[in-house]
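Note sheet for the following structure.
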Amino acid sequence: MDIRKSIVTRIAIIYLALLIFSLVVIYQMISVQQIENSRWEQITRNLKENTVKIEPNRGNICADDGSILATSAPGYYVRIDLAAEGVKRVFSNEADSLAYYLSAFFKNPSRQEYIQKLNTAYKNNNRGFMLTPRKIDYHELQQIKKFPILRRGRYGGGMIIEQENQRITPLGSLALRTIGDLNKGAYGGVHGNIGYTGLEGAYEQYLKGKEGISYRENLSGRWVSRIEIEPQDGMDIITTLNIKLQDIAESALLQNLEKHSADWGTAILMEVKTGEIKAIANLG
């Protein structure tokens, strides 16, 4: 009986030990899984927050002699990293002056609105507070670089410059309807510069190029951008349109619309020998 009792006791102890060991292993697996999930979720968030798309240069639309009908020029937005060490050292003394300069430059928002938004963003450690209420050109950017705090540059003043190309037509309204428009949000786009009508829309896949990707990382308190994927610029489109003939066609069409009090009209000029369209005028 004593031997049997001893065996049963030993089996019970072994079973209990195995049970405890199993529970410990399960607990460790759950803990590690939760920790690893949290870690990878944080890494994913950091990648999303610090990954910046690089916009490619959109291709030009040209006349038959290579003259540019539509091209892209850079426009800019300016943000500020209010959690940067350089900004923290001077924010209390220079934030009001920065708000004054921004308000005087853009007229709207007011100085008081700027300072309220800046203070709120500063308390929240906003690392990308937008300072420009609209897109600015290169010359305006050079002026803003001289504003309080921002004059200390990217690292000392937390200045972040974002470039976004804008479409311009050097010849004004000439062949404008044929060239077409860009429409923000068209074809699934969210950042603008997407061809919507005319040649811009018809040849979107060739003109748009491919976006690049850069990654912002904090190195010793300084934000540094590293290009991961280089952007690929769009292709240029050489049309059969002739600038002189296009101008003549539009002028002649306008005269006839006025002469006959017509609401709208279209004129198309084709070279019979080649079938090339040399001018397309749409007015109304």
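The chains in the structure tokens are called A, B, ... from first to last as shown; in each chain the residues are counted from 1, and the ligands are counted from 1 in the order shown.
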
If DSSP is run on the backbone, what residues of stretch 78-273 of chain A are alpha helix (DSSP H)? A reply as a VMD selection string would be ideal. chain A and resid 85 to 106 111 to 123 138 to 144 153 to 156 176 to 179 198 to 202 204 to 207 243 to 260

Output C-alpha atoms of each residue in that selection to a file, as an mmCIF file, in the first residue's frame.
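Heads up, here's the output in result23.cif:
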```
data_model
loop_
_atom_site.group_PDB
_atom_site.id
_atom_site.type_symbol
_atom_site.label_atom_id
_atom_site.label_comp_id
_atom_site.auth_asym_id
_atom_site.auth_seq_id
_atom_site.Cartn_x
_atom_site.Cartn_y
_atom_site.Cartn_z
ATOM 1 C CA GLU A 85 15.161 70.989 -29.995
ATOM 2 C CA GLY A 86 16.141 74.163 -31.834
ATOM 3 C CA VAL A 87 12.514 75.305 -31.934
ATOM 4 C CA LYS A 88 11.965 74.587 -28.243
ATOM 5 C CA ARG A 89 14.850 76.880 -27.333
ATOM 6 C CA VAL A 90 13.377 79.921 -29.086
ATOM 7 C CA PHE A 91 9.624 79.287 -29.376
ATOM 8 C CA SER A 92 8.535 81.279 -26.325
ATOM 9 C CA ASN A 93 10.509 84.340 -27.464
ATOM 10 C CA GLU A 94 9.851 84.249 -31.208
ATOM 11 C CA ALA A 95 6.473 82.555 -31.768
ATOM 12 C CA ASP A 96 4.578 85.845 -31.571
ATOM 13 C CA SER A 97 6.912 87.460 -34.118
ATOM 14 C CA LEU A 98 6.536 84.486 -36.454
ATOM 15 C CA ALA A 99 2.737 84.780 -36.238
ATOM 16 C CA TYR A 100 2.992 88.501 -37.053
ATOM 17 C CA TYR A 101 5.160 87.927 -40.131
ATOM 18 C CA LEU A 102 2.964 85.087 -41.420
ATOM 19 C CA SER A 103 -0.220 87.108 -40.981
ATOM 20 C CA ALA A 104 1.291 90.149 -42.697
ATOM 21 C CA PHE A 105 2.478 87.963 -45.571
ATOM 22 C CA PHE A 106 -0.689 85.924 -46.202
ATOM 23 C CA ARG A 111 -1.942 87.179 -36.237
ATOM 24 C CA GLN A 112 -4.065 86.127 -33.250
ATOM 25 C CA GLU A 113 -5.321 83.014 -35.050
ATOM 26 C CA TYR A 114 -1.774 82.095 -36.021
ATOM 27 C CA ILE A 115 -0.442 82.415 -32.470
ATOM 28 C CA GLN A 116 -3.342 80.359 -31.055
ATOM 29 C CA LYS A 117 -2.790 77.571 -33.574
ATOM 30 C CA LEU A 118 0.974 77.661 -33.051
ATOM 31 C CA ASN A 119 0.630 77.426 -29.266
ATOM 32 C CA THR A 120 -1.819 74.522 -29.503
ATOM 33 C CA ALA A 121 0.387 72.669 -31.973
ATOM 34 C CA TYR A 122 3.462 73.331 -29.812
ATOM 35 C CA LYS A 123 1.786 71.850 -26.722
ATOM 36 C CA TYR A 138 10.092 80.032 -55.187
ATOM 37 C CA HIS A 139 10.449 83.776 -54.530
ATOM 38 C CA GLU A 140 7.848 83.671 -51.741
ATOM 39 C CA LEU A 141 9.674 80.712 -50.229
ATOM 40 C CA GLN A 142 12.892 82.721 -50.074
ATOM 41 C CA GLN A 143 11.062 85.464 -48.149
ATOM 42 C CA ILE A 144 9.512 83.032 -45.674
ATOM 43 C CA GLY A 153 16.881 76.602 -41.142
ATOM 44 C CA ARG A 154 15.807 73.008 -41.158
ATOM 45 C CA TYR A 155 17.598 71.812 -38.054
ATOM 46 C CA GLY A 156 17.744 74.934 -35.903
ATOM 47 C CA LEU A 176 -6.107 75.545 -73.688
ATOM 48 C CA ARG A 177 -9.141 73.296 -74.142
ATOM 49 C CA THR A 178 -7.160 70.929 -76.339
ATOM 50 C CA ILE A 179 -4.327 70.809 -73.812
ATOM 51 C CA GLY A 198 -7.897 67.029 -73.198
ATOM 52 C CA LEU A 199 -4.374 65.820 -73.871
ATOM 53 C CA GLU A 200 -3.616 65.942 -70.132
ATOM 54 C CA GLY A 201 -6.250 63.297 -69.494
ATOM 55 C CA ALA A 202 -5.754 61.245 -72.652
ATOM 56 C CA GLU A 204 -2.049 60.756 -68.281
ATOM 57 C CA GLN A 205 -0.258 57.406 -68.064
ATOM 58 C CA TYR A 206 2.708 58.793 -70.026
ATOM 59 C CA LEU A 207 2.822 62.308 -68.564
ATOM 60 C CA ILE A 243 1.369 77.512 -82.802
ATOM 61 C CA LYS A 244 0.892 79.984 -85.685
ATOM 62 C CA LEU A 245 -1.924 78.002 -87.278
ATOM 63 C CA GLN A 246 -3.571 77.486 -83.884
ATOM 64 C CA ASP A 247 -3.546 81.237 -83.261
ATOM 65 C CA ILE A 248 -5.029 81.909 -86.709
ATOM 66 C CA ALA A 249 -7.732 79.264 -86.208
ATOM 67 C CA GLU A 250 -8.782 80.653 -82.826
ATOM 68 C CA SER A 251 -8.858 84.254 -84.094
ATOM 69 C CA ALA A 252 -10.893 83.314 -87.175
ATOM 70 C CA LEU A 253 -13.324 81.250 -85.107
ATOM 71 C CA LEU A 254 -13.822 84.073 -82.602
ATOM 72 C CA GLN A 255 -14.544 86.562 -85.404
ATOM 73 C CA ASN A 256 -17.173 84.275 -86.888
ATOM 74 C CA LEU A 257 -18.795 83.599 -83.529
ATOM 75 C CA GLU A 258 -19.158 87.337 -82.967
ATOM 76 C CA LYS A 259 -20.318 87.912 -86.552
ATOM 77 C CA HIS A 260 -23.084 85.317 -86.341
#
```

Please identify all polymer residues within 8 Å of A:Asp137, counting only C-alpha atoms, omitting same-chain residues fewer than 6 positions from it, and present them as a ChimeraX atom specification. /A:74-76

Extract the full set of strand (DSSP E or B) residues from stretch 42-280 of chain A according to DSSP on the backbone, and format it as a ChimeraX atom specification. /A:51-54,61-62,68-80,129-130,136,159-168,182,195,210,212-219,222-229,232,237-238,265-270,277-280

Just want the 7 Å neighbourhood of A:Ile213, counted on only C-alpha atoms, with same-chain residues fewer than 3 positions away dropped. Output as a list in words. Thr51, Val52, Lys53, Ile54, Ile227, Glu228, Ile229 and Glu230 of chain A

Could you turn the residues from that selection into a file that holds N, CA and C atoms, as a PDB file, in the first residue's frame?
```pdb
ATOM      1  N   THR A  51       7.294  58.310 -43.732  1.00  0.00           N
ATOM      2  CA  THR A  51       7.486  58.053 -45.149  1.00  0.00           C
ATOM      3  C   THR A  51       6.834  59.171 -45.954  1.00  0.00           C
ATOM      4  N   VAL A  52       7.601  59.775 -46.841  1.00  0.00           N
ATOM      5  CA  VAL A  52       7.117  60.906 -47.635  1.00  0.00           C
ATOM      6  C   VAL A  52       7.214  60.564 -49.118  1.00  0.00           C
ATOM      7  N   LYS A  53       6.141  60.809 -49.846  1.00  0.00           N
ATOM      8  CA  LYS A  53       6.163  60.580 -51.287  1.00  0.00           C
ATOM      9  C   LYS A  53       6.882  61.732 -51.986  1.00  0.00           C
ATOM     10  N   ILE A  54       7.693  61.389 -52.990  1.00  0.00           N
ATOM     11  CA  ILE A  54       8.394  62.393 -53.784  1.00  0.00           C
ATOM     12  C   ILE A  54       7.685  62.501 -55.127  1.00  0.00           C
ATOM     13  N   ILE A 227      16.359  59.153 -49.420  1.00  0.00           N
ATOM     14  CA  ILE A 227      15.567  58.693 -50.563  1.00  0.00           C
ATOM     15  C   ILE A 227      15.682  57.177 -50.692  1.00  0.00           C
ATOM     16  N   GLU A 228      14.531  56.512 -50.625  1.00  0.00           N
ATOM     17  CA  GLU A 228      14.490  55.061 -50.764  1.00  0.00           C
ATOM     18  C   GLU A 228      14.263  54.661 -52.222  1.00  0.00           C
ATOM     19  N   ILE A 229      13.342  55.372 -52.877  1.00  0.00           N
ATOM     20  CA  ILE A 229      13.037  55.097 -54.283  1.00  0.00           C
ATOM     21  C   ILE A 229      13.056  56.417 -55.051  1.00  0.00           C
ATOM     22  N   GLU A 230      13.883  56.520 -56.059  1.00  0.00           N
ATOM     23  CA  GLU A 230      13.974  57.731 -56.866  1.00  0.00           C
ATOM     24  C   GLU A 230      12.702  57.892 -57.712  1.00  0.00           C
TER      25      GLU A 230
END
```

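Distances from A:Asp263, A:Asp64, A:Glu211, A:Glu162 to A:Ile80 were compared using only C-alpha atoms, and the smallest one belongs to A:Glu162.
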
Shell of 8 Å around A:Ile168, only C-alpha atoms, local chain residues under 6 positions omitted, as a JSON list (two decimals) with C-alpha atoms, in the first residue's frame:
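Saved the output as around20.json:
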```json
[["chain", "number", "residue", "atom", "x", "y", "z"],
["A", 70, "ALA", "CA", 2.11, 73.02, -70.95],
["A", 71, "THR", "CA", 4.81, 72.43, -68.37],
["A", 72, "SER", "CA", 5.22, 72.09, -64.61],
["A", 73, "ALA", "CA", 6.75, 74.61, -62.24]]
```

With distances taken over only C-alpha atoms, which of A:Thr239, A:Ile61, A:Asn183, A:Asn50 is nearest to A:Ser214? A:Asn50

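Straight-line separation from atom CA of A:Lys135 to atom CA of A:Pro170: 19.3 Å.
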